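What follows is the content of work-v8.cif, which has mmCIF, C-alpha atoms:
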```
data_input
#
loop_
_atom_site.label_atom_id
_atom_site.label_comp_id
_atom_site.auth_asym_id
_atom_site.auth_seq_id
_atom_site.Cartn_x
_atom_site.Cartn_y
_atom_site.Cartn_z
CA MET A 13 28.12 185.52 139.46
CA ILE A 14 30.33 182.80 140.92
CA GLY A 15 29.00 179.30 140.27
CA PHE A 16 27.78 176.99 143.00
CA THR A 17 30.50 174.40 142.34
CA LEU A 18 33.34 176.92 142.47
CA GLY A 19 31.87 178.62 145.53
CA ARG A 20 31.52 175.29 147.30
CA TYR A 21 35.15 174.48 146.41
CA PHE A 22 36.41 177.72 147.99
CA PHE A 23 34.16 177.20 151.01
CA LEU A 24 35.36 173.61 151.59
CA ARG A 25 38.98 174.68 151.15
CA TYR A 26 38.53 177.24 153.92
CA VAL A 27 36.70 174.75 156.17
CA THR A 28 39.42 172.13 155.69
CA ILE A 29 42.26 174.51 156.49
CA THR A 30 40.36 175.88 159.49
CA ALA A 31 39.77 172.37 160.82
CA TRP A 32 43.48 171.53 160.56
CA PHE A 33 44.43 174.78 162.30
CA PHE A 34 41.88 174.11 165.03
CA VAL A 35 43.13 170.56 165.64
CA GLY A 36 46.76 171.72 165.65
CA VAL A 37 46.14 174.55 168.12
CA PHE A 38 44.03 172.21 170.27
CA ALA A 39 46.87 169.68 170.47
CA LEU A 40 49.44 172.38 171.25
CA VAL A 41 47.31 173.95 174.00
CA PHE A 42 46.58 170.53 175.47
CA LEU A 43 50.26 169.58 175.65
CA VAL A 44 51.27 172.89 177.22
CA ASP A 45 48.42 172.84 179.76
CA PHE A 46 48.98 169.20 180.67
CA THR A 47 52.71 169.73 181.19
CA GLN A 48 52.13 172.78 183.36
CA PHE A 49 49.30 171.20 185.35
CA GLN A 50 51.22 167.97 185.92
CA ASP A 51 54.17 169.91 187.33
CA VAL A 52 51.84 171.64 189.80
CA VAL A 53 49.86 168.63 191.08
CA SER A 54 52.30 165.74 190.61
CA GLY A 55 53.44 166.04 194.22
CA SER A 56 49.92 165.69 195.62
CA SER A 57 49.02 162.43 197.37
CA SER A 58 45.82 162.24 195.31
CA TYR A 59 47.56 162.75 191.96
CA SER A 60 46.73 160.41 189.08
CA PHE A 61 47.94 160.55 185.49
CA THR A 62 44.49 159.92 184.01
CA GLY A 63 42.98 162.60 186.25
CA ALA A 64 45.55 165.15 185.08
CA LEU A 65 44.82 164.19 181.46
CA ALA A 66 41.10 164.66 182.05
CA VAL A 67 41.55 168.08 183.66
CA SER A 68 43.69 169.36 180.79
CA ALA A 69 41.37 167.96 178.14
CA LEU A 70 38.36 169.57 179.81
CA ARG A 71 40.10 172.94 180.21
CA VAL A 72 41.37 173.20 176.62
CA PRO A 73 38.03 174.31 175.06
CA MET A 74 38.02 177.33 177.38
CA VAL A 75 41.44 178.36 176.07
CA MET A 76 40.45 177.58 172.48
CA GLN A 77 37.74 180.25 172.64
CA GLN A 78 40.47 182.87 173.01
CA THR A 79 42.32 181.59 169.94
CA VAL A 80 39.32 181.55 167.59
CA PRO A 81 39.98 185.05 166.09
CA PHE A 82 43.58 184.10 165.30
CA ILE A 83 42.54 180.75 163.84
CA GLY A 84 40.06 182.60 161.64
CA LEU A 85 42.73 185.06 160.51
CA PHE A 86 45.38 182.44 159.71
CA SER A 87 42.87 180.14 158.04
CA ALA A 88 41.71 182.89 155.70
CA MET A 89 45.29 183.92 154.92
CA PHE A 90 46.49 180.40 154.16
CA THR A 91 43.33 179.63 152.14
CA LEU A 92 43.90 182.63 149.87
CA ILE A 93 47.64 182.04 149.71
CA SER A 94 47.18 178.41 148.68
CA LEU A 95 44.63 179.40 146.02
CA ASN A 96 46.98 182.08 144.74
CA ARG A 97 50.06 179.86 144.60
CA LYS A 98 48.17 177.28 142.56
CA TYR A 99 46.99 180.06 140.20
CA GLU A 100 43.39 179.23 141.00
CA LEU A 101 42.63 182.85 141.82
CA VAL A 102 44.35 183.92 138.58
CA ILE A 103 42.11 181.58 136.61
CA ALA A 104 39.06 182.79 138.49
CA ARG A 105 39.93 186.41 137.71
CA SER A 106 40.52 185.59 134.05
CA ALA A 107 37.02 184.07 133.95
CA GLY A 108 35.59 187.42 135.03
CA ILE A 109 35.12 186.59 138.72
CA SER A 110 35.84 189.54 141.00
CA ALA A 111 37.57 189.43 144.36
CA TRP A 112 34.25 190.05 146.10
CA GLN A 113 32.76 186.96 144.49
CA PHE A 114 35.46 184.47 145.47
CA LEU A 115 35.82 186.07 148.90
CA THR A 116 32.14 185.50 149.64
CA PRO A 117 32.45 181.70 150.22
CA VAL A 118 35.46 182.29 152.49
CA ALA A 119 33.57 184.96 154.44
CA ILE A 120 30.60 182.59 154.76
CA GLY A 121 32.97 179.93 156.08
CA ALA A 122 34.30 182.41 158.67
CA PHE A 123 30.75 183.29 159.69
CA VAL A 124 29.88 179.59 160.10
CA PHE A 125 33.05 179.12 162.18
CA GLY A 126 31.82 181.90 164.46
CA LEU A 127 28.43 180.22 164.81
CA PHE A 128 30.19 176.95 165.61
CA THR A 129 32.08 178.71 168.38
CA ILE A 130 28.91 180.20 169.87
CA ILE A 131 26.64 177.18 169.58
CA LEU A 132 29.03 174.29 170.27
CA LEU A 133 32.45 175.37 171.52
CA ASN A 134 31.23 177.89 174.11
CA PRO A 135 28.77 175.57 175.95
CA LEU A 136 31.33 172.75 175.75
CA ALA A 137 34.00 175.03 177.23
CA ALA A 138 31.73 176.12 180.09
CA TYR A 139 30.72 172.54 180.90
CA GLY A 140 34.26 171.20 180.59
CA PHE A 141 35.71 173.91 182.80
CA ALA A 142 33.12 173.25 185.53
CA GLN A 143 33.90 169.52 185.42
CA SER A 144 37.65 170.14 185.42
CA GLN A 145 37.38 172.20 188.60
CA GLY A 146 35.74 169.30 190.42
CA ILE A 147 38.42 166.85 189.25
CA GLU A 148 41.18 169.32 190.06
CA THR A 149 39.85 169.71 193.59
CA SER A 150 40.01 165.96 194.15
CA LEU A 151 43.54 165.83 192.74
CA ARG A 152 44.59 168.64 195.05
CA ALA A 153 43.19 166.98 198.19
CA GLY A 154 45.62 167.77 200.96
CA ASP A 155 47.62 170.10 198.75
CA THR A 156 48.07 173.67 199.97
CA LYS A 157 48.96 175.07 196.58
CA ARG A 158 46.52 177.38 194.93
CA SER A 159 45.22 176.94 191.42
CA THR A 160 47.10 179.03 188.87
CA ALA A 161 44.44 178.81 186.18
CA PHE A 162 42.26 181.72 187.29
CA GLU A 163 42.35 184.41 189.94
CA GLU A 164 40.40 183.65 193.10
CA PRO A 165 37.00 185.41 193.24
CA TRP A 166 35.73 187.07 196.44
CA LEU A 167 32.45 188.29 197.89
CA ARG A 168 31.29 189.83 201.18
CA GLN A 169 28.25 189.12 203.35
CA SER A 170 26.87 190.80 206.48
CA PHE A 171 24.55 188.82 208.75
CA ASP A 172 23.59 189.36 212.39
CA GLY A 173 26.30 191.99 212.86
CA VAL A 174 29.08 189.71 211.57
CA ASP A 175 30.91 190.55 208.36
CA THR A 176 32.37 187.66 206.40
CA ILE A 177 34.62 187.81 203.33
CA ILE A 178 34.34 184.66 201.24
CA GLY A 179 36.73 183.46 198.56
CA ALA A 180 36.77 180.29 196.49
CA ARG A 181 38.96 178.55 193.97
CA ALA A 182 35.95 177.25 192.06
CA VAL A 183 32.22 177.95 191.95
CA LEU A 184 30.16 174.91 191.01
CA ASN A 185 26.51 173.96 190.67
CA ASP A 186 25.33 177.52 189.92
CA GLY A 187 26.69 178.95 193.17
CA LEU A 188 25.50 176.16 195.46
CA GLU A 189 29.00 174.76 195.99
CA LEU A 190 32.42 176.33 196.54
CA ASN A 191 35.69 174.43 196.25
CA GLY A 192 38.77 175.57 198.15
CA ALA A 193 36.74 178.17 200.08
CA SER A 194 38.10 180.67 202.60
CA PHE A 195 35.91 182.52 205.15
CA PHE A 196 37.35 185.55 206.95
CA ARG A 197 35.05 186.66 209.78
CA PHE A 198 34.99 190.03 211.56
CA ASP A 199 33.12 190.96 214.73
CA ALA A 200 30.69 193.84 215.22
CA ASP A 201 33.58 196.24 215.89
CA GLY A 202 35.21 195.37 212.59
CA ASP A 203 38.08 193.45 214.21
CA PHE A 204 39.30 190.22 212.66
CA SER A 205 37.78 187.21 214.43
CA ASP A 206 38.92 184.05 212.69
CA ARG A 207 39.59 182.40 209.36
CA LEU A 208 38.05 179.15 208.12
CA ASP A 209 39.50 177.27 205.16
CA ALA A 210 37.17 174.58 203.84
CA GLU A 211 37.73 171.96 201.19
CA ARG A 212 34.11 172.40 200.19
CA ALA A 213 31.33 174.79 201.17
CA TYR A 214 27.66 174.20 200.32
CA LEU A 215 25.04 176.93 200.30
CA ARG A 216 21.98 175.63 202.12
CA GLU A 217 18.74 177.40 203.03
CA GLY A 218 20.00 180.27 205.21
CA TYR A 219 23.50 179.00 205.98
CA TRP A 220 26.82 177.80 204.58
CA GLU A 221 27.84 174.24 205.36
CA LEU A 222 31.62 173.92 205.52
CA GLN A 223 33.39 170.55 205.25
CA GLY A 224 37.05 169.66 205.68
CA ILE A 225 37.82 172.69 207.83
CA GLU A 226 41.10 174.24 208.84
CA SER A 227 40.57 177.20 211.19
CA PHE A 228 42.95 179.95 212.36
CA ALA A 229 42.18 182.07 215.44
CA ASP A 230 44.33 183.69 218.15
CA GLY A 231 47.47 182.36 216.49
CA GLN A 232 46.28 178.74 216.67
CA ARG A 233 45.58 176.34 213.84
CA ILE A 234 42.83 173.76 214.30
CA VAL A 235 41.93 171.03 211.82
CA SER A 236 38.44 169.57 212.09
CA THR A 237 36.55 166.94 210.12
CA GLU A 238 33.18 168.07 211.46
CA SER A 239 31.00 170.36 209.38
CA VAL A 240 30.44 173.98 210.47
CA HIS A 241 27.37 176.10 209.73
CA ILE A 242 27.73 179.82 209.04
CA PRO A 243 24.47 181.82 208.81
CA THR A 244 23.95 183.77 205.60
CA GLY A 245 21.38 185.78 203.73
CA LEU A 246 22.92 185.03 200.33
CA THR A 247 21.12 183.14 197.59
CA PRO A 248 22.68 180.89 194.91
CA GLU A 249 21.78 183.39 192.19
CA LEU A 250 23.50 186.23 194.02
CA VAL A 251 26.62 184.14 194.70
CA ALA A 252 26.84 183.07 191.09
CA GLN A 253 26.53 186.68 189.92
CA ARG A 254 29.24 187.96 192.26
CA VAL A 255 31.73 185.11 191.99
CA ALA A 256 31.29 183.32 188.66
CA ARG A 257 33.38 184.45 185.68
CA PRO A 258 31.32 185.49 182.63
CA GLU A 259 33.53 183.31 180.39
CA THR A 260 32.40 180.21 182.28
CA VAL A 261 28.69 180.84 181.62
CA PRO A 262 27.25 179.18 178.48
CA PHE A 263 26.05 181.56 175.80
CA PHE A 264 22.40 180.54 176.07
CA GLU A 265 22.39 181.14 179.85
CA LEU A 266 23.87 184.63 179.68
CA PRO A 267 20.55 186.47 179.09
CA GLY A 268 19.12 184.81 182.21
CA LYS A 269 22.21 185.74 184.25
CA ILE A 270 21.92 189.35 183.08
CA SER A 271 18.24 189.46 184.02
CA VAL A 272 18.89 187.96 187.47
CA ALA A 273 21.73 190.40 188.14
CA ARG A 274 19.55 193.37 187.31
CA THR A 275 16.76 191.96 189.49
CA PHE A 276 19.17 191.99 192.45
CA GLY A 277 20.24 195.53 191.58
CA LEU A 278 23.71 194.39 190.54
CA ARG A 279 25.73 195.63 187.59
CA ALA A 280 25.55 193.09 184.77
CA ASP A 281 28.10 194.80 182.52
CA ALA A 282 30.56 191.88 182.56
CA PHE A 283 27.89 189.34 181.57
CA ALA A 284 26.39 191.72 178.99
CA MET A 285 29.85 192.32 177.54
CA GLN A 286 30.45 188.59 177.22
CA PHE A 287 27.07 188.11 175.56
CA HIS A 288 27.53 190.86 172.98
CA SER A 289 31.11 189.78 172.29
CA LEU A 290 29.89 186.30 171.41
CA VAL A 291 27.08 187.69 169.25
CA ALA A 292 29.61 189.85 167.38
CA LEU A 293 32.13 187.00 166.97
CA PRO A 294 30.91 185.72 163.56
CA LEU A 295 31.21 189.19 162.04
CA LEU A 296 34.57 189.66 163.78
CA LEU A 297 35.80 186.56 161.92
CA VAL A 298 34.44 188.01 158.68
CA ALA A 299 36.42 191.17 159.44
CA MET A 300 39.50 189.00 160.01
CA THR A 301 38.87 187.45 156.60
CA LEU A 302 38.79 190.86 154.94
CA ILE A 303 42.04 191.79 156.68
CA ALA A 304 43.58 188.53 155.45
CA ALA A 305 42.39 189.28 151.92
CA THR A 306 44.15 192.65 151.87
CA VAL A 307 47.54 190.96 152.28
CA SER A 308 47.08 187.50 150.75
CA MET A 309 45.67 187.82 147.26
CA ARG A 310 48.58 189.37 145.32
CA PHE A 311 51.75 188.44 147.13
CA ALA A 312 52.72 185.64 144.68
CA ARG A 313 52.69 188.01 141.77
CA MET A 314 54.47 190.84 143.57
CA GLY A 315 57.03 188.67 145.38
CA GLN A 316 56.45 190.21 148.83
CA SER A 317 55.00 187.24 150.66
CA GLU A 318 56.88 187.47 153.95
CA LEU A 319 56.33 191.21 154.38
CA MET A 320 52.65 191.06 153.46
CA ILE A 321 51.95 188.04 155.66
CA LEU A 322 53.65 189.81 158.56
CA GLY A 323 51.50 192.86 157.88
CA GLY A 324 48.35 190.75 158.01
CA ILE A 325 49.40 189.15 161.27
CA LEU A 326 50.15 192.53 162.82
CA ALA A 327 46.84 193.96 161.63
CA GLY A 328 44.91 190.99 163.05
CA PHE A 329 46.83 191.17 166.31
CA LEU A 330 46.12 194.90 166.58
CA LEU A 331 42.41 194.26 166.04
CA TYR A 332 42.45 191.57 168.72
CA VAL A 333 44.27 193.82 171.22
CA VAL A 334 41.83 196.66 170.59
CA SER A 335 38.89 194.25 171.03
CA VAL A 336 40.26 192.99 174.34
CA LEU A 337 40.97 196.53 175.56
CA VAL A 338 37.51 197.78 174.65
CA LYS A 339 35.99 194.64 176.18
CA ALA A 340 37.70 195.49 179.47
CA PHE A 341 36.14 198.98 179.33
CA GLY A 342 32.75 197.44 178.60
CA SER A 343 33.03 194.91 181.43
CA ALA A 344 33.91 197.74 183.84
CA GLY A 345 30.91 199.79 182.73
CA ILE A 346 33.03 202.62 181.33
CA VAL A 347 31.66 202.00 177.82
CA PRO A 348 28.22 200.49 177.08
CA PRO A 349 28.73 196.77 176.34
CA VAL A 350 26.91 196.94 172.99
CA ILE A 351 29.21 199.70 171.75
CA ALA A 352 32.32 198.03 173.18
CA ALA A 353 31.50 194.76 171.41
CA TRP A 354 30.56 196.15 168.01
CA VAL A 355 32.79 199.18 167.42
CA PRO A 356 36.01 197.16 166.76
CA VAL A 357 34.09 194.86 164.40
CA VAL A 358 32.54 197.72 162.44
CA VAL A 359 35.84 199.62 162.20
CA ALA A 360 37.68 196.50 160.99
CA MET A 361 34.94 195.77 158.44
CA PHE A 362 35.13 199.32 157.06
CA PHE A 363 38.92 199.13 156.92
CA GLY A 364 38.88 195.82 155.03
CA VAL A 365 36.14 196.89 152.61
CA THR A 366 37.77 200.27 151.93
CA PHE A 367 41.19 198.73 151.30
CA LEU A 368 39.77 196.10 148.96
CA LEU A 369 37.68 198.67 147.09
CA HIS A 370 40.79 200.78 146.59
CA ARG A 371 42.84 197.81 145.41
CA GLU A 372 40.27 196.07 143.26
CA ASP A 373 38.12 198.88 141.93
CA GLY A 374 40.56 201.79 142.06
#
```
Please go through the file and, once you have read it, give me the structure as structure tokens.
Amino acid sequence: MIGFTLGRYFFLRYVTITAWFFVGVFALVFLVDFTQFQDVVSGSSSYSFTGALAVSALRVPMVMQQTVPFIGLFSAMFTLISLNRKYELVIARSAGISAWQFLTPVAIGAFVFGLFTIILLNPLAAYGFAQSQGIETSLRAGDTKRSTAFEEPWLRQSFDGVDTIIGARAVLNDGLELNGASFFRFDADGDFSDRLDAERAYLREGYWELQGIESFADGQRIVSTESVHIPTGLTPELVAQRVARPETVPFFELPGKISVARTFGLRADAFAMQFHSLVALPLLLVAMTLIAATVSMRFARMGQSELMILGGILAGFLLYVVSVLVKAFGSAGIVPPVIAAWVPVVVAMFFGVTFLLHREDG
């Protein structure tokens, strides 16, 4: 059995390499996002350099969540490659330690990285993204450009014979506030009545309160600073369910969102898919570690480093693409979310274990 000291050494090596990869990707994403965002909002009268920095810094954790599987894959590959090049794995094997034994600390490190993502990174990303939307709205004051970060969500309400289609750039405060909102109203005959664009819309008890309004009706454009009230039967919970993106909901709030959605008779597949995907993430990173092990433990001896590393990258990328594709099916309700979240993980685990059994045990 592998000793505690050697196991801790392998574990800390993986954690160190993962931390450096995480910091490097974070810096790269921040620079790219800041450059792109600055180009978009630099012409706004409310633009400020510090505000743009804050928005990019707050949005980066949301992007980092998408890179976690790749960070886990590359960290495991480079950990094993570095151990192999320094003949540390050769010495470990000569001491009677099997591949399963020295892979265990690395797999534990991957599992801990997944828990870190769920417990810390995910809530931080949700909070940071919500804050960044508020700052972005203030920076875009008077700017007619739309945000390019996410697609605009829409919902529809019917009240007193008037149909209204509502869209918003950002949903804040659990559905109580909309930034960059648009209200398209139709009369009882279904004909278009008017359009109201509001800088901010607040959901009060039984009505929407619109502020900073620009209205369009009968070919005329009217700008008003007075607030307008639009009757509604919507509740904050219902608005949040219909408009909020599952990725922006913290992990620990997802079960409540799913319960509320089902209470209103709404499909909660997207929120359930996000929840099960996060639960499966630690084991997905373990699967990535096994894939990395299949291509990283013998390349120094066989002299096929570039080809084998490329094979590992392609295998990890294929697993990620399949996971995203199945996640889309789960979010749409075509496949049960539990199955959609766990099938790619289980298949990848079986593939990695089978390949390593064949290589190590014959």
Report as an NGL selection string the residues that result from applying the PyMOL selection byres ((chain A and resi 89) around 12) to the structure here.
:A and (25-26 or 29-30 or 33 or 82-88 or 90-96 or 115 or 118-119 or 122 or 300-311 or 317 or 320-325 or 328)
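Matched in the shown structure by the PyMOL selection byres ((chain A and resi 127) around 12): Val80, Ile120, Gly121, Ala122, Phe123, Val124, Phe125, Gly126, Phe128, Thr129, Ile130, Ile131, Leu132, Leu133, Asn134, Phe263, Leu290, Val291, Ala292, Leu293, Pro294, Leu295, Leu296, Leu297 and Val298 of chain A.
Nearest-residue note for A:Asp203: choosing from A:Phe228, A:Asn185, A:Met74, A:Val174, the minimum distance belongs to A:Val174, counting all atoms listed in the file.
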Nearby residues, (25.5, 185.5, 208.7) file frame, 9 Å, only C-alpha atoms, as a list of chain:residue names:
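Using only C-alpha atoms, the matching residues come out as A:Gln169, A:Ser170, A:Phe171, A:Asp172, A:Gly173, A:Val174, A:Asp175, A:Thr176, A:Gly218, A:Tyr219, A:Trp220, A:Ile242, A:Pro243, A:Thr244, A:Gly245, A:Leu246.
The residues that lie within 10 Å of the point (28.1, 195.0, 180.1), counting only C-alpha atoms, are Ile270, Arg279, Ala280, Asp281, Ala282, Phe283, Ala284, Met285, Gln286, Phe287, His288, Ser289, Lys339, Ala340, Phe341, Gly342, Ser343, Ala344, Gly345, Ile346, Val347, Pro348, Pro349, Val350, Ile351, Ala352 and Ala353 of chain A.
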Report the distance between atom CA of A:Val240 and atom CA of A:Asp199 in Å, rounded to one decimal place.
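Interatomic distance, atom CA of A:Val240 to atom CA of A:Asp199: 17.7 Å.
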With all atoms listed in the file as the basis for distance, which of A:Lys98, A:Val75, A:Gly179, A:Ala66 is at the shortest distance from A:Gly146?
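Of the candidates, the smallest distance to A:Gly146 is held by A:Ala66.
Pairwise distance (atom CA of A:Ile225, atom CA of A:Ile178) equals 14.1 Å.
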Specify as a count of residues only each residue included when the PyMOL selection byres ((chain A and resi 187) around 6) is applied to this file.
9
Nearest candidate to A:Ile234 (options A:Gly63, A:Phe198, A:Phe329, A:Arg207; using all atoms listed in the file):
A:Arg207
Non-local contacts of A:Ala229 (9 Å; only C-alpha atoms; under 6 positions in same chain excluded) as a list of chain:residue names:
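So the residues in contact are A:Ser205, A:Asp206, A:Arg207, A:Leu208.
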How far is it from atom CA of A:Asn191 to atom CA of A:Glu148, in Å with one decimal?
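That distance, rounded to one decimal, is 9.7 Å.
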Nearest residue to A:Phe264 from the set A:Trp112, A:Ala64, A:Ala138, A:Leu331 (distances using all atoms listed in the file):
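Closest to A:Phe264 of all the choices is A:Ala138.
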